[in-house]
Amino acid sequence: MNKKILIVEDDVVFCRLLTKFLSRNNFEVMDAQNGRDAFELMEMNEFKLAILDYRLPDMTGLEILEKLKSKSPGSKIILITRYGDQDIANQAIEKGADAFISKPINPNELLEVINKL
Amino acid sequence: MKLSISKNVHLVEPGDFEPTDHWYPRVLNSNIHPLVSYFLNLTHEQLAERYHRLHPQSDLASILEILRYQPQYFRWAGTDLMHVTNHEGNRKLTVIETNSCPSGQKSMPLLDLNVEQGGYKRLIERTFKPMVNAHLMDGALAVIYDKNPMENIGYAATVADVFEENVFLAKFDKADIDPPVKFDDGTMYVRNEKEEWVKIRAAFRYVTQEPWNRLPKQTKTLILNPIEACLSGGRNKEIASAAYDVFNEQFKDKGIGIFTPKTFRKVKYAELQGHFDRLGGSMVIKVPDSNAGQGVYTVVSQKELDHAMSEINPDDEYLIQELIHSNFNKNLDPSKAWYHVGTIPDSKGRSFAFDLRLMMHATAEGIRPLAVYSRRSRFPLNQELPEDMNSWEVYGTNLSIKGEDGWTYADERLMLFDIRNFGQLGLGIDELIKGFIQSAMAVYAIDQNAIKTYGNSPIKDYFTTQNQES
C-alpha cells in the first residue's frame with residue numbers, strides 16, 4: 001500500500017470516484033465532505049497527502065491546510081480550485097500548499113501531480 | 001472521466017466503467033443461483049403458460065398481452081413484494097409498492113459472467129438506447145440523480161460505453177438552490193465546465209425526492225422515466241392503489257388481478273383510530289408519496305398508533321393497509337388474514353419476514369425481469385416481541401440506517417439471489433414467476449393510468465419507427 005491520502009470535497013460522487021481511482025492505484029484513501037469531519041479524521045490518522053477543495057460547506061480548504069500543516073508539517077497538500085481562481089491558488093502556495101489544480105479534474109493528471117510530490 | 005466540470009457535474013467517458021465500483025463487495029464475490037438464472041431466461045410464452053397452469057382460471061392471452069405490453073411512460077420499474085400465506089396455506093406474492101426509480105443493480109449477481117456490466121448494460125442497451133434512437137433530437141446525454149451514487153455512476157459509465165460518447169452525470173438535489181440542471185420550455189440543460197448550459201437530448205433519471213418539484217411534464221428531452229410515471233403511481237401509493245383497482249376491474253373476467261393487502265385510501269387523520277379498531281388492533285399507515293421505508297408505520301398496539309399519529313401531519317390523508325401478520329391468531333378473520341411465510345428457519349429456529357425487490361424494464365419483447373434481491377427484517381417472526389421494541393423491527397425490511405456520518409445500510413439483512421442466500425428464502429421458480437407477473441400487471445396498471453391522465457406519449461412504440469408521430 002502506498003501513501004495514506006485524505007480527500008476533502010463536499011461532492012459525494014467526486015469523493016467516491018476519486019477514492020476508487022486512487023485505491024486502484026494503490027493508495028489508502030479516506031474522505032470527508034466537510035471541514036469538521038476532516039478534522040476528526042486528521043485527529044485519528046496520519047496523512048501523507050491531502051487533496052482539499054477550497055469551497056466547503058463549513059470552512060475553506062485553506063483552514064484545513066493550516067491545521068494539517070501544523071499537525072504534520074511534512075504532509076503534502078494539493079488544493080483544488082475552480083478554473084480561474086488564481087488569487088486563491090496564490091494564497092494556498094503562500095500558506096504551504098505543495099500544488100494546486102483547477103476543476104475539472106482529470107484523475108490521471110492528478111495522479112501525475114501526486115506522484116511528483 | 002473529468003471530475004467536477006462544474007458544481008455537482010462530472011463528465012463520464014467511454015471506458016470509465018469499473019465493475020468493482022458498482023456492486024456491493026459481497027455481490028462481486030457471489031454467483032447467481034441457477035434457478036434464478038433459469039427464471040430470468042424464461043420466455044414470455046413459458047412464463048405465461050406456467051402462470052396459467054398455477055392459476056387455471058386465468059386467461060392465457062391476457063397474461064401474454066400484459067407481458068408483451070410496451071409501456072409509454074413507465075419503462076423501468078421495481079416492485080416490492082412479500083411472500084404471504086393464509087389459514088389454508090394458500091401462498092401468494094403480494095405487491096407492496098411500485099417504484100419508478102428502483103435501486104437493485106448493485107445487489108444483483110451477474111447473470112452472464114462474460115458481460116461485466118451486467119444489468120446496467122441490459123437496461124441501457126435494451127431499453128434506453130432504442131428510446132434515444134427513436135427520439136429525433138440533437139444534444140448531449142445525461143444521467144441525473146439525487147441518491148444512490150454507486151448505481152448512478154455505473155449507469156453513466158454504461159451509457160457512455162453503449163453510445164460511445166461522453167455523458168454528463170449531474171446531481172439534481174431538491175435542496176440545491178442553484179442546481180446544475182434546468183428545464184427551458186421542456187428541454188433539459190446541464191451546466192458544463194464553462195458554466196454554459198448544454199442542451200440534453202436524453203437523460204436517464206434517478207431523481208427520487210419530490211421529483212415533481214423539479215421535472216416538468218411533457219418534456220422535449222427524452223427522460224427515462226418521465227415524471228408522468230411518478231405522478232401516475234410510480235411514486236405515489238395512493239394513486240397506484242387506485243390504478244390497481246381499475247386494472248382489477250378491467251381484467252376480472254379474465255381471471256387475473258393485482259394482489260395487495262386490503263387497502264383504504266384517503267383516510268383522514270381523525271379516522272385512523274376507527275380503522276385501527278375495525279381492523280382488530282393492527283394496520284399499516286402509509287404516507288402516500290413516501291418511499292424507502294420512510295413514512296410507513298406498522299401499528300400493532302394503541303401505543304404504536306399514538307406514536308405514529310404524533311409523527312404524521314394531522315392535515316394530510318393516508319393510505320391504510322391491513323397488516324400482513326407474523327403468526328396465526330385465531331381472533332383474525334380467516335377469510336381476510338394473511339401471514340408472512342418468512343425465511344427458512346435458521347439453525348436457531350428463527351424465521352424472518354422478507355420482501356422481494358423485482359426490477360423490470362421494457363424491451364422489444366415487452367416487460368422483462370432485470371434484477372432481483374431480498375431484504376429481511378431485523379427481528380424474527382416467531383419470537384415474542386420485547387415490550388420496548390417497535391413492531392417495525394419484525395415487519396420492516398428496509399436496509400437504510402441513519403448513522404452519525406450519514407446513511408448506510410444493514411448488509412447482514414441483504415439477501416442476494418445467489419447460491420448462498422437464495423435457498424434461505426424458501427422461494428421456488430413458481431414464486432418468482434408469480435411475483436414477476438404480479439409486478440408486470442402493476443406496471444401495466446400504472447402506465448395505463450398515465451396514458452389516461454396525460455394522453456399518449458409522442459412515441460408509442462420505440463421499436464417500430466412507423467409508430468412515430470410527426
# chains A, B, ... in the order shown; residues from 1 in each chain; ligands from 1
call {"tool": "residues_around", "arguments": {"residues": "Asp98 of chain A", "least_positions_apart": "2", "cutoff": "10 Å", "atoms": "only C-alpha atoms", "output": "list in words"}}
result
Leu49, Ser75, Lys76, Ile77, Ile78, Leu79, Ala92, Ile93, Glu94, Lys95, Gly96, Phe100, Val113, Ile114 and Leu117 of chain A
call {"tool": "interface_residues", "arguments": {"of": "chain A", "to": "chain B", "cutoff": "10 Å", "atoms": "only C-alpha atoms", "output": "ChimeraX atom specification"}}
result
/A:10-18,20-21,24,32-33,37,82-83,102-108
call {"tool": "closest_residue", "arguments": {"among": "B:Pro458, B:Gly366, B:Pro109, B:Gly280", "to": "Pro25 of chain B", "atoms": "only C-alpha atoms"}}
result
B:Pro109
call {"tool": "residues_around", "arguments": {"residues": "segment 425-440 of chain B", "least_positions_apart": "5", "cutoff": "6 Å", "atoms": "only C-alpha atoms", "output": "number ranges by chain"}}
result
B: 79, 93, 258, 343-344
call {"tool": "write_last_selection", "arguments": {"atoms": "C-alpha atoms", "output": "PDB file, in the first residue's frame"}}
result
ATOM      1  CA  THR B  79     -41.868  -3.640  -7.237  1.00  0.00           C
ATOM      2  CA  LEU B  93     -46.783 -12.852  -3.725  1.00  0.00           C
ATOM      3  CA  ILE B 258     -53.106  -7.452  -8.781  1.00  0.00           C
ATOM      4  CA  THR B 343     -37.340 -17.241   5.630  1.00  0.00           C
ATOM      5  CA  ILE B 344     -36.460 -20.894   6.150  1.00  0.00           C
TER       6      ILE B 344
END
call {"tool": "decode", "arguments": {"residues": "segment 17-98 of chain A", "atoms": "C-alpha atoms", "output": "PDB file, in the first residue's frame"}}
result
ATOM      1  CA  LEU A  17     -14.891   8.446  -7.907  1.00  0.00           C
ATOM      2  CA  LEU A  18     -11.548   9.791  -6.805  1.00  0.00           C
ATOM      3  CA  THR A  19     -11.316   7.418  -3.845  1.00  0.00           C
ATOM      4  CA  LYS A  20     -11.955   4.426  -6.076  1.00  0.00           C
ATOM      5  CA  PHE A  21      -9.492   5.672  -8.672  1.00  0.00           C
ATOM      6  CA  LEU A  22      -6.699   6.271  -6.170  1.00  0.00           C
ATOM      7  CA  SER A  23      -7.422   2.984  -4.377  1.00  0.00           C
ATOM      8  CA  ARG A  24      -6.959   1.182  -7.672  1.00  0.00           C
ATOM      9  CA  ASN A  25      -3.627   2.956  -7.905  1.00  0.00           C
ATOM     10  CA  ASN A  26      -2.560   1.520  -4.590  1.00  0.00           C
ATOM     11  CA  PHE A  27      -3.253   4.440  -2.277  1.00  0.00           C
ATOM     12  CA  GLU A  28      -5.101   4.205   1.010  1.00  0.00           C
ATOM     13  CA  VAL A  29      -7.778   6.861   0.822  1.00  0.00           C
ATOM     14  CA  MET A  30     -10.166   8.423   3.354  1.00  0.00           C
ATOM     15  CA  ASP A  31     -12.630  11.154   2.539  1.00  0.00           C
ATOM     16  CA  ALA A  32     -14.673  13.828   4.260  1.00  0.00           C
ATOM     17  CA  GLN A  33     -17.398  16.080   2.910  1.00  0.00           C
ATOM     18  CA  ASN A  34     -16.787  18.977   5.281  1.00  0.00           C
ATOM     19  CA  GLY A  35     -14.095  20.525   7.442  1.00  0.00           C
ATOM     20  CA  ARG A  36     -15.415  19.191  10.729  1.00  0.00           C
ATOM     21  CA  ASP A  37     -15.272  15.587   9.550  1.00  0.00           C
ATOM     22  CA  ALA A  38     -11.847  16.227   8.028  1.00  0.00           C
ATOM     23  CA  PHE A  39     -10.549  17.434  11.399  1.00  0.00           C
ATOM     24  CA  GLU A  40     -11.873  14.282  13.058  1.00  0.00           C
ATOM     25  CA  LEU A  41     -10.107  12.098  10.526  1.00  0.00           C
ATOM     26  CA  MET A  42      -6.911  14.110  10.987  1.00  0.00           C
ATOM     27  CA  GLU A  43      -7.061  13.518  14.754  1.00  0.00           C
ATOM     28  CA  MET A  44      -7.139   9.779  14.288  1.00  0.00           C
ATOM     29  CA  ASN A  45      -4.907   9.353  11.243  1.00  0.00           C
ATOM     30  CA  GLU A  46      -1.561  10.426   9.914  1.00  0.00           C
ATOM     31  CA  PHE A  47      -1.963  11.548   6.315  1.00  0.00           C
ATOM     32  CA  LYS A  48       0.988  11.891   3.984  1.00  0.00           C
ATOM     33  CA  LEU A  49      -1.106  13.781   1.466  1.00  0.00           C
ATOM     34  CA  ALA A  50      -4.359  15.743   1.444  1.00  0.00           C
ATOM     35  CA  ILE A  51      -6.420  16.802  -1.541  1.00  0.00           C
ATOM     36  CA  LEU A  52      -8.583  19.704  -0.420  1.00  0.00           C
ATOM     37  CA  ASP A  53     -11.386  21.502  -2.171  1.00  0.00           C
ATOM     38  CA  TYR A  54     -11.248  25.220  -1.498  1.00  0.00           C
ATOM     39  CA  ARG A  55     -15.001  25.687  -1.114  1.00  0.00           C
ATOM     40  CA  LEU A  56     -16.512  23.561   1.634  1.00  0.00           C
ATOM     41  CA  PRO A  57     -19.843  23.931   3.438  1.00  0.00           C
ATOM     42  CA  ASP A  58     -18.345  24.927   6.798  1.00  0.00           C
ATOM     43  CA  MET A  59     -14.909  26.388   6.017  1.00  0.00           C
ATOM     44  CA  THR A  60     -12.350  26.794   3.262  1.00  0.00           C
ATOM     45  CA  GLY A  61      -9.701  24.314   2.267  1.00  0.00           C
ATOM     46  CA  LEU A  62      -7.083  26.806   3.447  1.00  0.00           C
ATOM     47  CA  GLU A  63      -8.209  26.337   7.055  1.00  0.00           C
ATOM     48  CA  ILE A  64      -7.766  22.584   6.756  1.00  0.00           C
ATOM     49  CA  LEU A  65      -4.408  23.170   5.091  1.00  0.00           C
ATOM     50  CA  GLU A  66      -3.196  25.241   8.057  1.00  0.00           C
ATOM     51  CA  LYS A  67      -4.404  22.674  10.579  1.00  0.00           C
ATOM     52  CA  LEU A  68      -2.809  19.761   8.742  1.00  0.00           C
ATOM     53  CA  LYS A  69       0.490  21.597   8.243  1.00  0.00           C
ATOM     54  CA  SER A  70       0.647  22.453  11.948  1.00  0.00           C
ATOM     55  CA  LYS A  71      -0.116  18.850  12.936  1.00  0.00           C
ATOM     56  CA  SER A  72       2.041  17.144  10.304  1.00  0.00           C
ATOM     57  CA  PRO A  73       4.492  19.628   8.773  1.00  0.00           C
ATOM     58  CA  GLY A  74       5.817  17.043   6.360  1.00  0.00           C
ATOM     59  CA  SER A  75       2.462  16.253   4.801  1.00  0.00           C
ATOM     60  CA  LYS A  76       1.842  17.327   1.243  1.00  0.00           C
ATOM     61  CA  ILE A  77      -1.200  19.359   0.236  1.00  0.00           C
ATOM     62  CA  ILE A  78      -2.939  19.714  -3.105  1.00  0.00           C
ATOM     63  CA  LEU A  79      -5.613  22.389  -3.197  1.00  0.00           C
ATOM     64  CA  ILE A  80      -8.446  22.149  -5.685  1.00  0.00           C
ATOM     65  CA  THR A  81      -9.760  25.435  -7.013  1.00  0.00           C
ATOM     66  CA  ARG A  82     -12.264  26.451  -9.609  1.00  0.00           C
ATOM     67  CA  TYR A  83     -10.876  27.328 -13.015  1.00  0.00           C
ATOM     68  CA  GLY A  84      -9.532  30.900 -12.892  1.00  0.00           C
ATOM     69  CA  ASP A  85      -9.200  31.180  -9.091  1.00  0.00           C
ATOM     70  CA  GLN A  86      -5.614  32.407  -9.342  1.00  0.00           C
ATOM     71  CA  ASP A  87      -5.790  34.524  -6.171  1.00  0.00           C
ATOM     72  CA  ILE A  88      -6.805  31.524  -4.112  1.00  0.00           C
ATOM     73  CA  ALA A  89      -4.079  29.444  -5.680  1.00  0.00           C
ATOM     74  CA  ASN A  90      -1.517  32.082  -4.733  1.00  0.00           C
ATOM     75  CA  GLN A  91      -2.810  32.195  -1.152  1.00  0.00           C
ATOM     76  CA  ALA A  92      -2.609  28.417  -0.970  1.00  0.00           C
ATOM     77  CA  ILE A  93       1.012  28.372  -2.073  1.00  0.00           C
ATOM     78  CA  GLU A  94       1.828  31.101   0.460  1.00  0.00           C
ATOM     79  CA  LYS A  95       0.255  29.023   3.229  1.00  0.00           C
ATOM     80  CA  GLY A  96       2.280  25.991   2.278  1.00  0.00           C
ATOM     81  CA  ALA A  97       0.285  24.102  -0.359  1.00  0.00           C
ATOM     82  CA  ASP A  98       2.517  21.948  -2.489  1.00  0.00           C
TER      83      ASP A  98
END
